[in-house]
Amino acid sequence: MKKGYLKLGKTSTASLLILFVFFVFGQHCHALVFQDTSQSFNEYKGYVIGNDTRKPLVFADISVVSSNISTITNKEGEFTLKVPKSLSSNSIKISFLGYETQEISQERLKGKNNTIALNVITTQLSQVNINVPKDASALVKASLENRREKYINDKTLMTAFYRETIKKRNKNASLAEAVVKIYKEPYATSKSDAIELVKSRKNTNYSRLDTLAVKLQGGPFSTLYSDIVKYQDYLFYNEFFDYYNFSFGNSTQINDRQVYVVNFEQQANIITPLYRGKLYIDAETFALVSANYSLNVENKDEAVKLFLRKKPRMVRVEPEEASYRVDYKSTPDGKWYYSYSNVQLAFRVKWRKKLFSSIYTLNIEMAVTDWTNNFTTSLNKDNKLKPTVILSDEASGFSDPEFWGEYNIIEPEKSIESAIKKISRQLSKIKSK
């Protein structure tokens with residue numbers, strides 16, 4: 001096979017996420033400013049790695065026990081966790097798919113340069129799985145086929161909570177949140193899903209964006225397209241499948257179910273940026289139940305073309321990270337459905353003739369709070385979102401205080417699950433409409 005570039009089609013990764021960089025002139029915005037409460041927090045920074053490989057664990061969960069404070073690691077396995085001093089006696093829990101959960105006291109943590117190594121869980125699979133393909137790539141193909149039998153095959157109305165954050169270096173610059181309805185088409189069809197915006201709000205500190213702002217184009221669709229069972233072409237486009245190497249990792253368990261782990265990465269002779277990561281495949285049904293993967297950004301000139309639409313001439317933008325996670329849940333009758341996804345993007349922005357560059361980090365996540373496949377609700381076309389929507393433009397500050405209730409501030413250090421709990425009653429009302 002010749003070393004070269006692959007041609008990206010209309011359904012390729014190029015259409016997944018698009019960023020553009022633009023100047024902000026003369027904006028007189030009455031935006032809420034993030035309050036600096038660093039004096040009332042203990043801050044811990046470090047890395048989470050696998051004890052077996054000594055490599056970073058991407059999207060490992062770090063949380064404060066008996067609280068709703070949590071964070072996740074980035075592509076390099078790095079994390080930053082801020083803990084209120086009032087919770088300094090609470091231990092820290094670290095977990096990752098396929099690894100033993102670990103709890104440590106805050107006394108064992110330093111302010112910086114902590115390295116936490118998790119031990120892998122090795123599971124001996126039962127004889128019921130004797131028919132599993134011996135080849136890892138064949139197992140992946142089997143997991144992506146027959147979607148009609150493995151996944152929900154009815155039109156489904158989902159309620160979901162969505163959040164996107166922009167940081168300049170480690171400082172919050174902009175945060176937008178929304179409640180959306182997802183009109184999800186059957187997995188067996190190629191028809192695309194639709195999204196309706198129900199409620200949204202934003203909090204932006206323009207002083208931290210300086211004269212340059214990085215906006216995410218795609219909004220909730222960016223996370224929805226991480227549903228690789230429904231949108232296989234974004235990751236395993238037919239032409240691209242044979243350009244990956246697949247191998248088995250140590251089997252593990254997820255929610256007491258036996259799971260195969262398949263590692264994948266692009267072949268060394270392929271220059272076009274593709275992906276590497278892990279697929280978690282249910283041992284009994286061969287359904288894909290979770291995936292962690294990241295884009296190869298070593299070829300920065302090619303990788304940036306997948307994201308950059310427009311920029312000032314005096315600026316160079318380089319991708320530093322593009323990591324993805326998607327999780328599925330099962331129904332009582334054994335059908336699987338999309339439940340959560342997370343996207344982390346980081347870009348280095350360099351101004352010509354300036355000594356220093358800036359790192360902008362974007363974190364996007366969406367969690368399904370409820371769903372039904374027997375619904376009479378029709379899509380409100382006035383609130384229908386386009387795949388090209390920029391949510392931070394759609395949101396209008398802290399609108400509708402009656403809806404948000406006591407959840408009247410955006411808390412970027414809190415988990416998305418915490419936000420869902422605080423507006424659970426309102427979410428239930430939305431479902432019943």
# chains A, B, ... in the order shown; residues from 1 in each chain; ligands from 1
>>> select_by_dssp(residues="region 151-224 of chain A", states="helix (DSSP H, G or I)", output="PDB file with C-alpha atoms, in the first residue's frame")
ATOM      1  CA  TYR A 206     -15.162  38.547  27.432  1.00  0.00           C
ATOM      2  CA  SER A 207     -12.036  39.888  29.126  1.00  0.00           C
ATOM      3  CA  ARG A 208     -10.566  36.387  29.041  1.00  0.00           C
ATOM      4  CA  LEU A 209     -11.305  36.049  25.341  1.00  0.00           C
ATOM      5  CA  PRO A 220     -25.360  19.578  20.533  1.00  0.00           C
ATOM      6  CA  PHE A 221     -24.879  17.905  17.143  1.00  0.00           C
ATOM      7  CA  SER A 222     -21.160  17.660  17.904  1.00  0.00           C
ATOM      8  CA  THR A 223     -21.880  15.302  20.765  1.00  0.00           C
ATOM      9  CA  LEU A 224     -24.724  13.506  19.005  1.00  0.00           C
TER      10      LEU A 224
END
>>> select_by_dssp(residues="region 71-170 of chain A", states="strand (DSSP E or B)", output="VMD selection string")
chain A and resid 71 to 72 78 to 84 92 to 95 99 102 to 104 114 to 118 120 151 156 to 168
>>> write_last_selection(atoms="C-alpha atoms", output="tab-separated table (two decimals), in the first residue's frame")
chain	number	residue	atom	x	y	z
A	71	THR	CA	-13.86	16.25	36.59
A	72	ILE	CA	-12.33	14.10	33.84
A	78	GLU	CA	-4.13	15.37	32.99
A	79	PHE	CA	-6.70	16.62	35.47
A	80	THR	CA	-7.38	19.68	37.58
A	81	LEU	CA	-9.72	19.28	40.55
A	82	LYS	CA	-10.89	22.12	42.78
A	83	VAL	CA	-12.25	21.03	46.15
A	84	PRO	CA	-13.89	23.42	48.61
A	92	ILE	CA	-11.07	11.42	46.10
A	93	LYS	CA	-12.38	8.61	43.86
A	94	ILE	CA	-10.71	7.80	40.53
A	95	SER	CA	-12.32	5.41	38.05
A	99	TYR	CA	-9.66	-0.52	35.71
A	102	GLN	CA	-9.30	3.77	43.62
A	103	GLU	CA	-10.05	6.05	46.58
A	104	ILE	CA	-7.36	8.21	48.17
A	114	ASN	CA	0.28	13.90	41.22
A	115	THR	CA	0.50	10.58	39.35
A	116	ILE	CA	-2.32	8.12	40.05
A	117	ALA	CA	-1.92	4.62	38.58
A	118	LEU	CA	-4.99	2.39	38.25
A	120	VAL	CA	-6.43	-3.17	35.18
A	151	TYR	CA	-30.32	-1.16	19.39
A	156	THR	CA	-37.45	7.79	20.11
A	157	LEU	CA	-37.93	11.13	21.84
A	158	MET	CA	-35.08	11.89	24.23
A	159	THR	CA	-34.65	14.70	26.74
A	160	ALA	CA	-31.00	15.66	27.21
A	161	PHE	CA	-28.88	18.17	29.08
A	162	TYR	CA	-26.03	19.77	27.11
A	163	ARG	CA	-23.03	21.84	28.20
A	164	GLU	CA	-20.13	23.45	26.36
A	165	THR	CA	-17.19	25.24	27.97
A	166	ILE	CA	-14.41	27.39	26.52
A	167	LYS	CA	-11.27	27.95	28.57
A	168	LYS	CA	-8.28	30.13	27.85
>>> atom_distance(atom1="CA of Val315 (chain A)", atom2="CA of Lys300 (chain A)")
14.6 Å
>>> residues_around(residues="Asn119 (chain A)", least_positions_apart="2", cutoff="10 Å", atoms="only C-alpha atoms", output="ChimeraX atom specification")
/A:49-53,96,98-102,117,121-122
>>> write_last_selection(atoms="C-alpha atoms", output="short mmCIF file (atom, residue, chain, number, x, y, z; two decimals), in the first residue's frame")
data_model
loop_
_atom_site.label_atom_id
_atom_site.label_comp_id
_atom_site.auth_asym_id
_atom_site.auth_seq_id
_atom_site.Cartn_x
_atom_site.Cartn_y
_atom_site.Cartn_z
CA ILE A 49 -2.28 6.39 34.04
CA GLY A 50 -2.78 2.65 33.59
CA ASN A 51 -0.49 0.60 35.81
CA ASP A 52 -0.19 -1.99 33.05
CA THR A 53 0.85 0.33 30.20
CA PHE A 96 -11.90 4.33 34.44
CA GLY A 98 -11.66 -1.63 32.65
CA TYR A 99 -9.66 -0.52 35.71
CA GLU A 100 -10.13 -0.90 39.45
CA THR A 101 -11.64 2.16 41.12
CA GLN A 102 -9.30 3.77 43.62
CA ALA A 117 -1.92 4.62 38.58
CA ILE A 121 -9.35 -5.54 35.76
CA THR A 122 -8.85 -8.85 34.00
#
>>> closest_residue(among="A:Lys150, A:Glu107, A:Tyr231, A:Pro319", to="Lys305 (chain A)", atoms="only C-alpha atoms")
A:Pro319
>>> closest_residue(among="A:Glu265, A:Glu196, A:Glu321, A:Asp370", to="Val58 (chain A)", atoms="only C-alpha atoms")
A:Glu321
>>> atom_distance(atom1="CA of Tyr328 (chain A)", atom2="CA of Ser137 (chain A)")
20.6 Å
>>> residues_around(residues="Pro186 (chain A)", least_positions_apart="6", cutoff="10 Å", atoms="only C-alpha atoms", output="PyMOL selection string")
chain A and resi 147-148+151-156+192-193+230
>>> atom_distance(atom1="CA of Glu177 (chain A)", atom2="CA of Ser330 (chain A)")
26.3 Å
>>> decode(residues="region 99-234 of chain A", atoms="C-alpha atoms", output="PDB file, in the first residue's frame")
ATOM      1  CA  TYR A  99      -9.656  -0.524  35.712  1.00  0.00           C
ATOM      2  CA  GLU A 100     -10.126  -0.900  39.447  1.00  0.00           C
ATOM      3  CA  THR A 101     -11.643   2.157  41.121  1.00  0.00           C
ATOM      4  CA  GLN A 102      -9.296   3.775  43.622  1.00  0.00           C
ATOM      5  CA  GLU A 103     -10.046   6.049  46.578  1.00  0.00           C
ATOM      6  CA  ILE A 104      -7.364   8.210  48.165  1.00  0.00           C
ATOM      7  CA  SER A 105      -7.399  10.844  50.891  1.00  0.00           C
ATOM      8  CA  GLN A 106      -6.685  14.458  50.009  1.00  0.00           C
ATOM      9  CA  GLU A 107      -3.779  14.332  52.465  1.00  0.00           C
ATOM     10  CA  ARG A 108      -1.970  12.047  49.997  1.00  0.00           C
ATOM     11  CA  LEU A 109      -2.284  14.561  47.174  1.00  0.00           C
ATOM     12  CA  LYS A 110       0.119  17.369  46.383  1.00  0.00           C
ATOM     13  CA  GLY A 111      -0.953  20.599  44.768  1.00  0.00           C
ATOM     14  CA  LYS A 112       0.734  19.603  41.496  1.00  0.00           C
ATOM     15  CA  ASN A 113       2.417  16.679  39.750  1.00  0.00           C
ATOM     16  CA  ASN A 114       0.282  13.898  41.219  1.00  0.00           C
ATOM     17  CA  THR A 115       0.495  10.582  39.355  1.00  0.00           C
ATOM     18  CA  ILE A 116      -2.316   8.123  40.047  1.00  0.00           C
ATOM     19  CA  ALA A 117      -1.916   4.623  38.585  1.00  0.00           C
ATOM     20  CA  LEU A 118      -4.985   2.388  38.251  1.00  0.00           C
ATOM     21  CA  ASN A 119      -4.791  -1.411  38.104  1.00  0.00           C
ATOM     22  CA  VAL A 120      -6.427  -3.167  35.182  1.00  0.00           C
ATOM     23  CA  ILE A 121      -9.348  -5.541  35.761  1.00  0.00           C
ATOM     24  CA  THR A 122      -8.848  -8.854  34.004  1.00  0.00           C
ATOM     25  CA  THR A 123     -11.980 -10.930  33.469  1.00  0.00           C
ATOM     26  CA  GLN A 124     -12.059 -14.568  32.411  1.00  0.00           C
ATOM     27  CA  LEU A 125     -14.927 -14.838  29.916  1.00  0.00           C
ATOM     28  CA  SER A 126     -17.301 -17.775  30.173  1.00  0.00           C
ATOM     29  CA  GLN A 127     -17.722 -20.509  27.586  1.00  0.00           C
ATOM     30  CA  VAL A 128     -20.937 -18.902  26.314  1.00  0.00           C
ATOM     31  CA  ASN A 129     -18.704 -16.667  24.214  1.00  0.00           C
ATOM     32  CA  ILE A 130     -17.067 -19.520  22.311  1.00  0.00           C
ATOM     33  CA  ASN A 131     -18.402 -18.122  19.026  1.00  0.00           C
ATOM     34  CA  VAL A 132     -16.624 -14.785  19.361  1.00  0.00           C
ATOM     35  CA  PRO A 133     -14.573 -13.940  16.247  1.00  0.00           C
ATOM     36  CA  LYS A 134     -10.902 -14.689  16.812  1.00  0.00           C
ATOM     37  CA  ASP A 135      -9.966 -11.625  14.781  1.00  0.00           C
ATOM     38  CA  ALA A 136     -10.482  -8.242  16.508  1.00  0.00           C
ATOM     39  CA  SER A 137     -11.504  -6.441  13.309  1.00  0.00           C
ATOM     40  CA  ALA A 138     -14.166  -9.109  12.654  1.00  0.00           C
ATOM     41  CA  LEU A 139     -15.576  -8.519  16.146  1.00  0.00           C
ATOM     42  CA  VAL A 140     -15.796  -4.766  15.474  1.00  0.00           C
ATOM     43  CA  LYS A 141     -17.638  -5.405  12.206  1.00  0.00           C
ATOM     44  CA  ALA A 142     -20.004  -7.785  13.983  1.00  0.00           C
ATOM     45  CA  SER A 143     -20.724  -5.187  16.660  1.00  0.00           C
ATOM     46  CA  LEU A 144     -21.608  -2.523  14.075  1.00  0.00           C
ATOM     47  CA  GLU A 145     -23.821  -4.803  11.994  1.00  0.00           C
ATOM     48  CA  ASN A 146     -27.396  -5.875  12.712  1.00  0.00           C
ATOM     49  CA  ARG A 147     -28.198  -2.609  14.463  1.00  0.00           C
ATOM     50  CA  ARG A 148     -31.881  -3.483  14.120  1.00  0.00           C
ATOM     51  CA  GLU A 149     -31.538  -6.351  16.601  1.00  0.00           C
ATOM     52  CA  LYS A 150     -29.147  -4.759  19.100  1.00  0.00           C
ATOM     53  CA  TYR A 151     -30.318  -1.156  19.387  1.00  0.00           C
ATOM     54  CA  ILE A 152     -33.637   0.666  19.726  1.00  0.00           C
ATOM     55  CA  ASN A 153     -35.328   0.456  16.367  1.00  0.00           C
ATOM     56  CA  ASP A 154     -38.249   2.809  16.982  1.00  0.00           C
ATOM     57  CA  LYS A 155     -38.442   6.558  16.681  1.00  0.00           C
ATOM     58  CA  THR A 156     -37.451   7.786  20.107  1.00  0.00           C
ATOM     59  CA  LEU A 157     -37.930  11.133  21.844  1.00  0.00           C
ATOM     60  CA  MET A 158     -35.076  11.889  24.234  1.00  0.00           C
ATOM     61  CA  THR A 159     -34.655  14.700  26.737  1.00  0.00           C
ATOM     62  CA  ALA A 160     -31.004  15.662  27.213  1.00  0.00           C
ATOM     63  CA  PHE A 161     -28.880  18.170  29.082  1.00  0.00           C
ATOM     64  CA  TYR A 162     -26.035  19.772  27.113  1.00  0.00           C
ATOM     65  CA  ARG A 163     -23.035  21.836  28.203  1.00  0.00           C
ATOM     66  CA  GLU A 164     -20.128  23.447  26.363  1.00  0.00           C
ATOM     67  CA  THR A 165     -17.185  25.239  27.966  1.00  0.00           C
ATOM     68  CA  ILE A 166     -14.410  27.392  26.525  1.00  0.00           C
ATOM     69  CA  LYS A 167     -11.271  27.947  28.568  1.00  0.00           C
ATOM     70  CA  LYS A 168      -8.282  30.135  27.853  1.00  0.00           C
ATOM     71  CA  ARG A 169      -5.398  28.268  29.420  1.00  0.00           C
ATOM     72  CA  ASN A 170      -7.017  27.053  32.675  1.00  0.00           C
ATOM     73  CA  LYS A 171      -9.424  29.981  33.114  1.00  0.00           C
ATOM     74  CA  ASN A 172     -13.109  29.722  32.251  1.00  0.00           C
ATOM     75  CA  ALA A 173     -14.005  32.155  29.470  1.00  0.00           C
ATOM     76  CA  SER A 174     -17.431  31.004  28.296  1.00  0.00           C
ATOM     77  CA  LEU A 175     -19.972  28.415  29.304  1.00  0.00           C
ATOM     78  CA  ALA A 176     -23.336  27.582  27.749  1.00  0.00           C
ATOM     79  CA  GLU A 177     -25.939  25.074  28.923  1.00  0.00           C
ATOM     80  CA  ALA A 178     -29.136  23.840  27.345  1.00  0.00           C
ATOM     81  CA  VAL A 179     -31.991  21.391  27.654  1.00  0.00           C
ATOM     82  CA  VAL A 180     -32.823  19.821  24.306  1.00  0.00           C
ATOM     83  CA  LYS A 181     -35.177  17.279  22.806  1.00  0.00           C
ATOM     84  CA  ILE A 182     -33.592  14.706  20.501  1.00  0.00           C
ATOM     85  CA  TYR A 183     -35.898  13.193  17.879  1.00  0.00           C
ATOM     86  CA  LYS A 184     -33.860  10.067  17.338  1.00  0.00           C
ATOM     87  CA  GLU A 185     -34.455   7.996  14.251  1.00  0.00           C
ATOM     88  CA  PRO A 186     -34.269   4.170  14.365  1.00  0.00           C
ATOM     89  CA  TYR A 187     -30.721   2.813  14.336  1.00  0.00           C
ATOM     90  CA  ALA A 188     -31.560   0.629  11.353  1.00  0.00           C
ATOM     91  CA  THR A 189     -32.173   3.685   9.140  1.00  0.00           C
ATOM     92  CA  SER A 190     -29.759   6.201   7.670  1.00  0.00           C
ATOM     93  CA  LYS A 191     -32.088   9.118   8.401  1.00  0.00           C
ATOM     94  CA  SER A 192     -30.432  11.776  10.588  1.00  0.00           C
ATOM     95  CA  ASP A 193     -31.691  12.752  14.019  1.00  0.00           C
ATOM     96  CA  ALA A 194     -33.233  16.154  14.779  1.00  0.00           C
ATOM     97  CA  ILE A 195     -32.709  18.385  17.824  1.00  0.00           C
ATOM     98  CA  GLU A 196     -35.088  20.943  19.305  1.00  0.00           C
ATOM     99  CA  LEU A 197     -33.812  23.607  21.705  1.00  0.00           C
ATOM    100  CA  VAL A 198     -36.001  23.842  24.805  1.00  0.00           C
ATOM    101  CA  LYS A 199     -34.060  26.066  27.223  1.00  0.00           C
ATOM    102  CA  SER A 200     -30.585  27.601  27.098  1.00  0.00           C
ATOM    103  CA  ARG A 201     -28.372  30.098  28.864  1.00  0.00           C
ATOM    104  CA  LYS A 202     -24.773  31.288  28.842  1.00  0.00           C
ATOM    105  CA  ASN A 203     -22.133  32.955  30.975  1.00  0.00           C
ATOM    106  CA  THR A 204     -19.257  34.685  29.178  1.00  0.00           C
ATOM    107  CA  ASN A 205     -16.222  36.549  30.489  1.00  0.00           C
ATOM    108  CA  TYR A 206     -15.162  38.547  27.432  1.00  0.00           C
ATOM    109  CA  SER A 207     -12.036  39.888  29.126  1.00  0.00           C
ATOM    110  CA  ARG A 208     -10.566  36.387  29.041  1.00  0.00           C
ATOM    111  CA  LEU A 209     -11.305  36.049  25.341  1.00  0.00           C
ATOM    112  CA  ASP A 210      -9.248  39.203  24.698  1.00  0.00           C
ATOM    113  CA  THR A 211      -9.715  40.284  21.062  1.00  0.00           C
ATOM    114  CA  LEU A 212      -9.836  36.713  19.840  1.00  0.00           C
ATOM    115  CA  ALA A 213     -12.703  34.312  20.354  1.00  0.00           C
ATOM    116  CA  VAL A 214     -12.876  30.664  19.421  1.00  0.00           C
ATOM    117  CA  LYS A 215     -16.397  29.436  18.799  1.00  0.00           C
ATOM    118  CA  LEU A 216     -17.641  25.924  18.389  1.00  0.00           C
ATOM    119  CA  GLN A 217     -19.871  25.393  15.406  1.00  0.00           C
ATOM    120  CA  GLY A 218     -22.109  22.387  15.801  1.00  0.00           C
ATOM    121  CA  GLY A 219     -23.394  22.653  19.358  1.00  0.00           C
ATOM    122  CA  PRO A 220     -25.360  19.578  20.533  1.00  0.00           C
ATOM    123  CA  PHE A 221     -24.879  17.905  17.143  1.00  0.00           C
ATOM    124  CA  SER A 222     -21.160  17.660  17.904  1.00  0.00           C
ATOM    125  CA  THR A 223     -21.880  15.302  20.765  1.00  0.00           C
ATOM    126  CA  LEU A 224     -24.724  13.506  19.005  1.00  0.00           C
ATOM    127  CA  TYR A 225     -22.453  12.598  16.080  1.00  0.00           C
ATOM    128  CA  SER A 226     -20.234  10.764  18.572  1.00  0.00           C
ATOM    129  CA  ASP A 227     -22.931   8.061  18.527  1.00  0.00           C
ATOM    130  CA  ILE A 228     -20.774   5.928  16.252  1.00  0.00           C
ATOM    131  CA  VAL A 229     -23.353   3.133  16.021  1.00  0.00           C
ATOM    132  CA  LYS A 230     -25.752   5.559  14.333  1.00  0.00           C
ATOM    133  CA  TYR A 231     -23.093   7.657  12.583  1.00  0.00           C
ATOM    134  CA  GLN A 232     -20.468   5.060  11.724  1.00  0.00           C
ATOM    135  CA  ASP A 233     -19.065   7.079   8.824  1.00  0.00           C
ATOM    136  CA  TYR A 234     -17.617   9.658  11.199  1.00  0.00           C
TER     137      TYR A 234
END
